[in-house]
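**Q** Dropping in target05.tsv, with TSV, C-alpha atoms and all ligand atoms.
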chain	number	residue	atom	x	y	z
A	1	MET	CA	-6.45	1.20	-20.00
A	2	LYS	CA	-4.13	-0.79	-17.73
A	3	LYS	CA	-4.66	-4.54	-17.36
A	4	ASP	CA	-3.14	-4.82	-13.89
A	5	PHE	CA	-2.52	-2.87	-10.67
A	6	LEU	CA	1.01	-3.98	-9.82
A	7	SER	CA	3.06	-0.88	-9.11
A	8	ILE	CA	2.21	2.78	-8.55
A	9	ALA	CA	4.98	3.50	-11.07
A	10	ASP	CA	2.78	2.06	-13.87
A	11	TRP	CA	-0.09	4.51	-13.28
A	12	SER	CA	-0.07	8.14	-14.39
A	13	THR	CA	-0.91	11.14	-12.23
A	14	ASP	CA	-4.29	11.47	-13.99
A	15	GLU	CA	-5.10	7.78	-13.57
A	16	LEU	CA	-4.27	7.93	-9.85
A	17	TYR	CA	-6.51	10.98	-9.41
A	18	GLN	CA	-9.28	9.13	-11.29
A	19	LEU	CA	-8.94	6.22	-8.86
A	20	ILE	CA	-9.18	8.61	-5.91
A	21	ASP	CA	-12.25	10.33	-7.39
A	22	LEU	CA	-13.94	6.99	-8.07
A	23	SER	CA	-13.07	5.78	-4.54
A	24	LYS	CA	-14.84	8.86	-3.12
A	25	LYS	CA	-17.93	8.15	-5.23
A	26	ILE	CA	-17.98	4.48	-4.20
A	27	LYS	CA	-17.48	5.45	-0.56
A	28	SER	CA	-20.38	7.93	-0.57
A	29	GLU	CA	-22.84	5.84	-2.66
A	30	PRO	CA	-21.82	2.17	-2.26
A	31	LYS	CA	-25.28	0.96	-3.34
A	32	ASN	CA	-24.76	2.44	-6.81
A	33	TYR	CA	-22.02	-0.14	-7.35
A	34	SER	CA	-23.64	-3.20	-5.76
A	35	THR	CA	-24.09	-5.04	-9.07
A	36	SER	CA	-21.04	-3.66	-10.91
A	37	LEU	CA	-19.24	-7.00	-11.02
A	38	GLN	CA	-22.29	-9.26	-10.81
A	39	GLY	CA	-21.61	-12.84	-11.88
A	40	LYS	CA	-17.83	-12.43	-11.72
A	41	SER	CA	-15.41	-14.48	-9.63
A	42	ILE	CA	-12.13	-13.19	-8.21
A	43	ALA	CA	-9.34	-15.37	-6.76
A	44	THR	CA	-7.44	-13.91	-3.82
A	45	ILE	CA	-4.09	-15.65	-3.25
A	46	PHE	CA	-2.12	-15.09	-0.05
A	47	GLU	CA	1.44	-16.40	0.46
A	48	LYS	CA	1.69	-14.23	3.60
A	49	GLN	CA	-0.56	-13.39	6.54
A	50	SER	CA	-3.16	-10.62	6.32
A	51	LEU	CA	-6.04	-9.07	8.23
A	52	ARG	CA	-6.86	-5.80	6.43
A	53	THR	CA	-6.14	-6.86	2.85
A	54	HIS	CA	-7.92	-10.18	3.14
A	55	VAL	CA	-11.03	-8.76	4.77
A	56	THR	CA	-11.29	-5.62	2.61
A	57	PHE	CA	-10.96	-7.59	-0.62
A	58	ASP	CA	-13.50	-10.17	0.54
A	59	VAL	CA	-15.99	-7.52	1.65
A	60	GLY	CA	-15.29	-5.31	-1.38
A	61	ILE	CA	-15.77	-8.16	-3.85
A	62	HIS	CA	-19.07	-9.04	-2.14
A	63	GLN	CA	-20.20	-5.39	-2.19
A	64	LEU	CA	-19.55	-5.19	-5.95
A	65	GLY	CA	-21.76	-8.25	-6.50
A	66	ALA	CA	-18.91	-10.67	-7.25
A	67	HIS	CA	-17.67	-13.83	-5.59
A	68	ALA	CA	-14.27	-14.22	-3.82
A	69	ILE	CA	-12.24	-17.42	-3.70
A	70	TYR	CA	-9.62	-17.25	-0.94
A	71	LEU	CA	-6.52	-19.37	-1.57
A	72	THR	CA	-3.64	-19.71	0.92
A	73	GLN	CA	-0.28	-21.41	0.55
A	74	ALA	CA	-1.76	-24.37	2.38
A	75	ASP	CA	-4.30	-24.69	-0.46
A	76	ILE	CA	-2.28	-24.10	-3.62
A	77	SER	CA	1.40	-23.85	-2.62
A	78	LEU	CA	2.03	-21.19	-5.29
A	79	GLY	CA	5.19	-21.88	-7.30
A	80	LYS	CA	5.83	-25.21	-5.53
A	81	ARG	CA	2.98	-27.59	-6.33
A	82	GLU	CA	3.09	-26.36	-9.94
A	83	SER	CA	4.63	-23.38	-11.69
A	84	VAL	CA	3.29	-19.86	-11.19
A	85	TYR	CA	2.62	-19.83	-14.95
A	86	ASP	CA	0.52	-23.02	-14.84
A	87	THR	CA	-1.40	-21.79	-11.80
A	88	GLY	CA	-2.24	-18.62	-13.72
A	89	LYS	CA	-3.21	-20.45	-16.91
A	90	ASN	CA	-5.66	-22.56	-14.91
A	91	LEU	CA	-7.11	-19.67	-12.96
A	92	GLU	CA	-7.71	-17.46	-16.02
A	93	ARG	CA	-10.08	-20.11	-17.42
A	94	TRP	CA	-12.36	-19.75	-14.39
A	95	VAL	CA	-12.00	-16.34	-12.79
A	96	ASP	CA	-12.28	-12.71	-13.89
A	97	GLY	CA	-9.42	-11.35	-11.81
A	98	ILE	CA	-6.64	-12.32	-9.41
A	99	VAL	CA	-5.56	-10.54	-6.22
A	100	VAL	CA	-2.19	-11.80	-5.02
A	101	ARG	CA	0.10	-11.27	-2.00
A	102	THR	CA	3.56	-12.79	-2.45
A	103	TYR	CA	7.09	-12.67	-1.10
A	104	ALA	CA	9.00	-12.10	-4.37
A	105	ASP	CA	7.64	-9.27	-6.51
A	106	LYS	CA	8.59	-11.39	-9.54
A	107	THR	CA	5.99	-14.00	-8.58
A	108	CYS	CA	3.32	-11.34	-8.84
A	109	THR	CA	4.60	-9.80	-12.10
A	110	ASP	CA	5.17	-13.26	-13.66
A	111	LEU	CA	1.60	-14.22	-12.83
A	112	ALA	CA	0.32	-10.97	-14.36
A	113	LYS	CA	2.32	-11.64	-17.54
A	114	ALA	CA	0.98	-15.17	-17.79
A	115	VAL	CA	-2.72	-14.40	-17.60
A	116	LYS	CA	-5.17	-12.34	-19.62
A	117	VAL	CA	-7.28	-11.36	-16.60
A	118	PRO	CA	-6.38	-8.39	-14.34
A	119	VAL	CA	-3.94	-9.02	-11.49
A	120	ILE	CA	-3.84	-6.81	-8.39
A	121	ASN	CA	-0.73	-6.67	-6.20
A	122	ALA	CA	-1.95	-7.14	-2.62
A	123	LEU	CA	1.64	-6.65	-1.26
A	124	THR	CA	4.98	-8.05	-2.31
A	125	ASP	CA	8.43	-7.60	-0.81
A	126	ARG	CA	8.82	-4.62	-3.16
A	127	GLU	CA	5.50	-2.78	-3.14
A	128	HIS	CA	2.09	-2.36	-1.54
A	129	PRO	CA	0.17	-0.24	-4.08
A	130	CYS	CA	-3.29	-0.90	-2.58
A	131	GLN	CA	-2.02	0.49	0.73
A	132	ALA	CA	-0.69	3.65	-0.92
A	133	LEU	CA	-3.96	4.27	-2.76
A	134	GLY	CA	-6.02	3.92	0.44
A	135	ASP	CA	-3.56	6.17	2.26
A	136	PHE	CA	-3.61	8.92	-0.34
A	137	LEU	CA	-7.41	8.90	-0.31
A	138	THR	CA	-7.09	9.42	3.47
A	139	VAL	CA	-4.61	12.28	3.01
A	140	HIS	CA	-6.90	13.89	0.41
A	141	GLU	CA	-9.90	13.64	2.71
A	142	LYS	CA	-7.98	15.31	5.53
A	143	MET	CA	-6.15	17.99	3.52
A	144	TRP	CA	-8.05	18.43	0.24
A	145	SER	CA	-4.85	18.74	-1.74
A	146	PHE	CA	-1.47	17.09	-2.03
A	147	PHE	CA	0.53	19.69	-3.81
A	148	GLY	CA	3.54	21.14	-1.99
A	149	LYS	CA	2.80	19.38	1.31
A	150	LYS	CA	5.51	17.38	3.07
A	151	PHE	CA	5.08	13.63	3.66
A	152	VAL	CA	7.71	11.97	5.86
A	153	PHE	CA	8.05	8.21	6.12
A	154	VAL	CA	10.05	7.27	9.24
A	155	GLY	CA	11.60	3.80	9.59
A	156	ASP	CA	12.51	1.11	7.08
A	157	GLY	CA	12.73	1.86	3.34
A	158	ASN	CA	10.43	-1.08	2.67
A	159	ASN	CA	7.55	-2.12	0.37
A	160	VAL	CA	5.10	0.35	1.92
A	161	CYS	CA	7.68	3.16	1.78
A	162	HIS	CA	8.25	2.39	-1.93
A	163	SER	CA	4.58	2.64	-2.91
A	164	LEU	CA	4.04	5.79	-0.83
A	165	MET	CA	7.13	7.42	-2.28
A	166	LEU	CA	6.04	6.66	-5.86
A	167	PHE	CA	2.51	7.92	-5.15
A	168	ALA	CA	3.66	11.13	-3.43
A	169	ALA	CA	5.94	11.88	-6.36
A	170	LYS	CA	3.14	11.33	-8.90
A	171	VAL	CA	0.83	13.77	-7.11
A	172	GLY	CA	3.42	16.44	-6.32
A	173	MET	CA	3.83	15.94	-2.58
A	174	ASN	CA	7.33	16.46	-1.17
A	175	PHE	CA	8.47	13.10	0.21
A	176	VAL	CA	11.25	12.31	2.68
A	177	ALA	CA	12.29	8.80	3.69
A	178	ALA	CA	13.84	9.14	7.16
A	179	VAL	CA	15.70	5.83	7.38
A	180	PRO	CA	18.88	4.44	8.96
A	181	LYS	CA	21.96	4.01	6.77
A	182	GLY	CA	21.73	0.69	4.93
A	183	TYR	CA	17.90	0.66	5.06
A	184	GLU	CA	17.24	3.15	2.26
A	185	PRO	CA	14.52	2.49	-0.32
A	186	ASP	CA	15.51	0.49	-3.41
A	187	LYS	CA	17.66	2.60	-5.77
A	188	ASN	CA	15.51	1.98	-8.85
A	189	VAL	CA	12.28	2.81	-7.04
A	190	PHE	CA	13.91	5.96	-5.68
A	191	LYS	CA	15.09	6.96	-9.18
A	192	SER	CA	11.64	6.41	-10.63
A	193	ALA	CA	10.09	8.56	-7.86
A	194	VAL	CA	12.64	11.35	-8.39
A	195	THR	CA	11.82	11.40	-12.13
A	196	SER	CA	8.07	11.68	-11.41
A	197	ALA	CA	8.63	14.36	-8.75
A	198	LYS	CA	10.72	16.49	-11.13
A	199	LYS	CA	7.83	16.53	-13.61
A	200	MET	CA	5.50	17.69	-10.83
A	201	GLY	CA	7.96	20.26	-9.42
A	202	SER	CA	8.23	18.42	-6.09
A	203	THR	CA	11.04	16.60	-4.28
A	204	VAL	CA	11.92	13.11	-3.03
A	205	GLU	CA	14.73	12.86	-0.50
A	206	ILE	CA	16.43	10.49	1.89
A	207	ASN	CA	17.45	11.77	5.33
A	208	HIS	CA	19.11	9.75	8.08
A	209	ASP	CA	18.04	12.17	10.83
A	210	PRO	CA	14.34	11.74	11.70
A	211	LYS	CA	14.24	14.96	13.78
A	212	GLU	CA	15.54	17.00	10.88
A	213	ALA	CA	13.30	15.16	8.40
A	214	VAL	CA	9.97	15.81	10.13
A	215	LYS	CA	10.37	19.61	10.31
A	216	GLY	CA	7.42	21.21	8.53
A	217	ALA	CA	5.77	17.84	7.78
A	218	SER	CA	2.00	17.54	7.28
A	219	VAL	CA	2.12	13.73	7.33
A	220	ILE	CA	4.24	11.44	9.51
A	221	TYR	CA	4.02	7.80	8.48
A	222	THR	CA	5.65	4.70	9.89
A	223	ASP	CA	5.52	0.93	9.46
A	224	VAL	CA	6.93	-2.08	11.32
A	225	TRP	CA	10.72	-2.33	11.46
A	226	THR	CA	10.62	-6.03	10.57
A	227	SER	CA	8.44	-6.91	7.60
A	228	MET	CA	6.99	-10.32	6.81
A	229	GLY	CA	9.83	-12.57	5.67
A	230	GLN	CA	12.51	-10.71	7.69
A	231	GLU	CA	11.69	-12.27	11.07
A	232	ALA	CA	15.25	-13.63	11.53
A	233	GLU	CA	16.52	-10.01	11.61
A	234	LYS	CA	14.07	-8.84	14.29
A	235	GLU	CA	16.55	-8.43	17.19
A	236	LYS	CA	19.15	-6.67	15.04
A	237	ARG	CA	16.51	-4.34	13.63
A	238	LEU	CA	15.18	-3.41	17.09
A	239	THR	CA	18.62	-1.93	17.85
A	240	ILE	CA	19.20	-0.30	14.47
A	241	PHE	CA	15.81	1.41	14.34
A	242	LYS	CA	15.49	2.48	18.00
A	243	ASN	CA	16.02	6.19	17.22
A	244	TYR	CA	13.34	6.06	14.54
A	245	GLN	CA	10.36	5.61	16.86
A	246	VAL	CA	7.44	7.94	16.19
A	247	ASN	CA	6.64	9.35	19.63
A	248	LYS	CA	5.15	12.55	21.01
A	249	LYS	CA	8.51	14.30	20.89
A	250	LEU	CA	9.02	13.54	17.21
A	251	MET	CA	5.43	14.52	16.37
A	252	SER	CA	5.95	17.85	18.17
A	253	ILE	CA	8.65	18.81	15.64
A	254	ALA	CA	6.23	18.42	12.70
A	255	LYS	CA	3.41	20.87	11.92
A	256	SER	CA	0.99	21.16	14.84
A	257	ASP	CA	-1.85	19.70	12.73
A	258	ALA	CA	0.29	16.94	11.17
A	259	ILE	CA	-1.50	13.62	10.86
A	260	PHE	CA	-0.01	10.31	11.97
A	261	MET	CA	-0.35	7.36	9.59
A	262	HIS	CA	0.51	3.64	9.76
A	263	CYS	CA	-0.46	0.86	7.37
A	264	LEU	CA	-0.92	-1.54	10.34
A	265	PRO	CA	-0.31	-3.99	11.88
A	266	ALA	CA	1.52	-1.78	14.40
A	267	HIS	CA	4.00	-2.99	16.96
A	268	ARG	CA	3.05	-0.55	19.69
A	269	GLY	CA	6.06	0.48	21.77
A	270	GLU	CA	8.46	-0.20	18.88
A	271	GLU	CA	8.01	1.98	15.79
A	272	VAL	CA	5.17	3.97	17.43
A	273	THR	CA	4.03	4.74	20.97
A	274	ASP	CA	0.47	4.21	22.23
A	275	GLU	CA	0.28	7.93	22.83
A	276	VAL	CA	0.74	8.71	19.12
A	277	MET	CA	-1.33	5.76	17.83
A	278	ASP	CA	-4.26	6.81	20.01
A	279	SER	CA	-3.84	10.60	19.58
A	280	LYS	CA	-6.41	12.82	17.88
A	281	ASN	CA	-3.98	13.30	14.97
A	282	SER	CA	-3.84	9.57	14.29
A	283	VAL	CA	-5.82	8.46	11.21
A	284	VAL	CA	-4.74	4.81	11.20
A	285	PHE	CA	-8.25	3.35	11.27
A	286	ASP	CA	-9.45	5.74	8.56
A	287	GLU	CA	-6.65	4.34	6.43
A	288	ALA	CA	-7.83	0.80	7.19
A	289	GLU	CA	-11.39	1.71	6.22
A	290	ASN	CA	-10.27	3.37	3.01
A	291	ARG	CA	-8.57	0.18	1.85
A	292	LEU	CA	-12.11	-1.11	1.22
A	293	HIS	CA	-13.31	1.81	-0.90
A	294	THR	CA	-10.12	2.22	-2.92
A	295	GLN	CA	-9.75	-1.49	-3.72
A	296	LYS	CA	-13.36	-1.50	-4.92
A	297	ALA	CA	-12.38	1.38	-7.24
A	298	VAL	CA	-9.40	-0.62	-8.54
A	299	MET	CA	-11.50	-3.75	-9.15
A	300	PHE	CA	-14.25	-1.69	-10.81
A	301	THR	CA	-11.71	0.04	-13.08
A	302	LEU	CA	-9.94	-3.17	-14.11
A	303	MET	CA	-12.81	-5.65	-14.24
A	304	LYS	CA	-16.02	-3.78	-15.04
A	305	GLY	CA	-15.44	-3.57	-18.78
A	306	GLU	CA	-14.83	-7.23	-19.46
A	401	LIG	N1	-1.94	-3.01	5.93
A	401	LIG	C1	-2.10	-4.27	5.52
A	401	LIG	O1	-1.91	-4.61	4.34
A	401	LIG	O2	-2.50	-5.13	6.49
A	401	LIG	P1	-2.59	-6.72	6.39
A	401	LIG	O3	-1.18	-7.22	6.27
A	401	LIG	O4	-3.25	-7.16	7.65
A	401	LIG	O5	-3.38	-7.06	5.16
A	402	LIG	N1	6.01	-3.77	5.59
A	402	LIG	C1	5.01	-4.65	6.16
A	402	LIG	C2	3.65	-4.21	5.75
A	402	LIG	C3	2.51	-5.03	6.25
A	402	LIG	C4	1.19	-4.55	5.77
A	402	LIG	C5	5.29	-6.08	5.72
A	402	LIG	O1	5.61	-6.29	4.55
A	402	LIG	O2	5.19	-6.98	6.55
Take the structure I supplied and represent it as structure tokens, if you would.
**A**
Amino acid sequence: MKKDFLSIADWSTDELYQLIDLSKKIKSEPKNYSTSLQGKSIATIFEKQSLRTHVTFDVGIHQLGAHAIYLTQADISLGKRESVYDTGKNLERWVDGIVVRTYADKTCTDLAKAVKVPVINALTDREHPCQALGDFLTVHEKMWSFFGKKFVFVGDGNNVCHSLMLFAAKVGMNFVAAVPKGYEPDKNVFKSAVTSAKKMGSTVEINHDPKEAVKGASVIYTDVWTSMGQEAEKEKRLTIFKNYQVNKKLMSIAKSDAIFMHCLPAHRGEEVTDEVMDSKNSVVFDEAENRLHTQKAVMFTLMKGE
């Protein structure tokens, strides 16, 4: 059994399917899990802003019978007021798990190494595994299988792209990152995804032409062009990414029943048009809902047995 949920790369195909199955059970019968983590306390640390992750962890922790302690940079100044290690060694004496959103991925992995309690990555500059899990539950609900279908991520090869790419590869979906030159996913993450995909008989590719990439796609996914921490590059990125907007024309090249996905927050009019966001093929709010059920499954899996 894994101690932490830090990267999709750490979890096997079977384990990811188990998380999806458990998420479905929790979603259909939430009352059956209302005392699963009774008496436990979970710290949620946020170095960056959040709506969905903050609220879904808070609500999910409450629905499992546990207690959430929300800590921002203004409260604890992670890595500045004292070391990440010391923060962890304090927290593990009081709480049963830690959910953490950081800039550097190393902050999150260092914290996980330092403590004996489970740590859940709630987004770092490198990955957003909770997002990918919620999204693949959404894909499974809509399509009932992953195998052989084409998933195209259009935009920046960022943290969300990394986790989706790793997840798609583990479950045998064909994945294409349609990104501008210089904004490809991290080489090591890409390599890891290619290795997983080979085992599953599927493919992971990079394509610089979004129109070519979305041909035959069942899923079109995008995210903001400027992630948290990159604000100084916003103007430059608006120019570089302008041909990577997901609009009606791009959607029309994909399969006619292709779904549109976005982790949110969306910058309407930039990476996606209102028309696509609000179309019948858009599942963006289902994804947001599924963050709740899937994170409950992760917390249950990691913290129930203690
Ligand atoms: N998708 C997501 O993680 O949203 P927040 O940044 O609002 O948590
Ligand atoms: N890539 C975005 C995702 C936000 C949920 C960011 O890191 O800001």
**Q** I'd like the contact shell of segment 140-154 of chain A - 8 Å cut-off, all atoms listed in the file, skipping same-chain residues fewer than 2 positions apart - returned as a count of residues only.
**A** 30
**Q** So which residues touch Gln295 of chain A within 8 Å, counting only C-alpha atoms, skipping near sequence neighbours fewer than 2 positions away, as a PyMOL selection string?
**A** chain A and resi 56-57+60+130+134+291-293+297-299
**Q** Enter the distance from atom CA of Asn90 of chain A to atom CA of Ala114 of chain A, in Å, rounded to one decimal.
**A**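 Atom-to-atom, atom CA of Asn90 of chain A to atom CA of Ala114 of chain A, that is 10.3 Å.
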**Q** Residues up to 12 Å from ligand LIG 402 (chain A), counting only C-alpha atoms and all ligand atoms: could you list those as an NGL selection string?
**A** :A and (47-54 or 101-105 or 122-132 or 155-164 or 222-231 or 234 or 262-267 or 271 or 287-288 or 291)
**Q** Could you list, as a list in words, every residue within 10 Å of Leu78 of chain A, counting all atoms listed in the file and ignoring same-chain residues fewer than 3 positions away?
**A**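 Final neighbour list, sorted by chain and number: Ile45, Phe46, Glu47, Leu71, Thr72, Gln73, Ala74, Asp75, Arg81, Glu82, Ser83, Val84, Tyr85, Asp86, Thr87, Gly88, Thr102 and Thr107 of chain A.
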**Q** Generate the output file for the selected residues, C-alpha atoms, as an mmCIF file, keeping the file's coordinate frame.
**A**
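The result, stored in result.cif:
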data_model
loop_
_atom_site.group_PDB
_atom_site.id
_atom_site.type_symbol
_atom_site.label_atom_id
_atom_site.label_comp_id
_atom_site.auth_asym_id
_atom_site.auth_seq_id
_atom_site.Cartn_x
_atom_site.Cartn_y
_atom_site.Cartn_z
ATOM 1 C CA ILE A 45 -4.090 -15.650 -3.250
ATOM 2 C CA PHE A 46 -2.120 -15.090 -0.050
ATOM 3 C CA GLU A 47 1.440 -16.400 0.460
ATOM 4 C CA LEU A 71 -6.520 -19.370 -1.570
ATOM 5 C CA THR A 72 -3.640 -19.710 0.920
ATOM 6 C CA GLN A 73 -0.280 -21.410 0.550
ATOM 7 C CA ALA A 74 -1.760 -24.370 2.380
ATOM 8 C CA ASP A 75 -4.300 -24.690 -0.460
ATOM 9 C CA ARG A 81 2.980 -27.590 -6.330
ATOM 10 C CA GLU A 82 3.090 -26.360 -9.940
ATOM 11 C CA SER A 83 4.630 -23.380 -11.690
ATOM 12 C CA VAL A 84 3.290 -19.860 -11.190
ATOM 13 C CA TYR A 85 2.620 -19.830 -14.950
ATOM 14 C CA ASP A 86 0.520 -23.020 -14.840
ATOM 15 C CA THR A 87 -1.400 -21.790 -11.800
ATOM 16 C CA GLY A 88 -2.240 -18.620 -13.720
ATOM 17 C CA THR A 102 3.560 -12.790 -2.450
ATOM 18 C CA THR A 107 5.990 -14.000 -8.580
#
**Q** Can you tell me, as JSON, the centre and edge lengths (Å, one decimal) of the axis-aligned box enclosing all of ligand LIG 401 (chain A)'s listed atoms after padding each side by 8 Å?
**A**
{"center_x": -2.3, "center_y": -5.1, "center_z": 6.0, "size_x": 18.2, "size_y": 20.2, "size_z": 19.3}
**Q** Counting only C-alpha atoms, which of A:Lys215, A:Ala232, A:Asp135, A:Leu238 gets nearest to Phe285 of chain A?
**A** A:Asp135
**Q** Neighbourhood query: residues within 6 Å of (-6.7, -5.7, -13.4), file coordinates, counting only C-alpha atoms; return as a list in words.
**A** Lys3, Asp4, Phe5, Pro118, Val119, Ile120 and Leu302 of chain A
**Q** Counting all atoms listed in the file, which residue out of A:Glu289, A:Asp209, A:Asp186, A:Glu92 sits closest to ligand LIG 401 (chain A)?
**A**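 Closest residue, counting all atoms listed in the file: A:Glu289.
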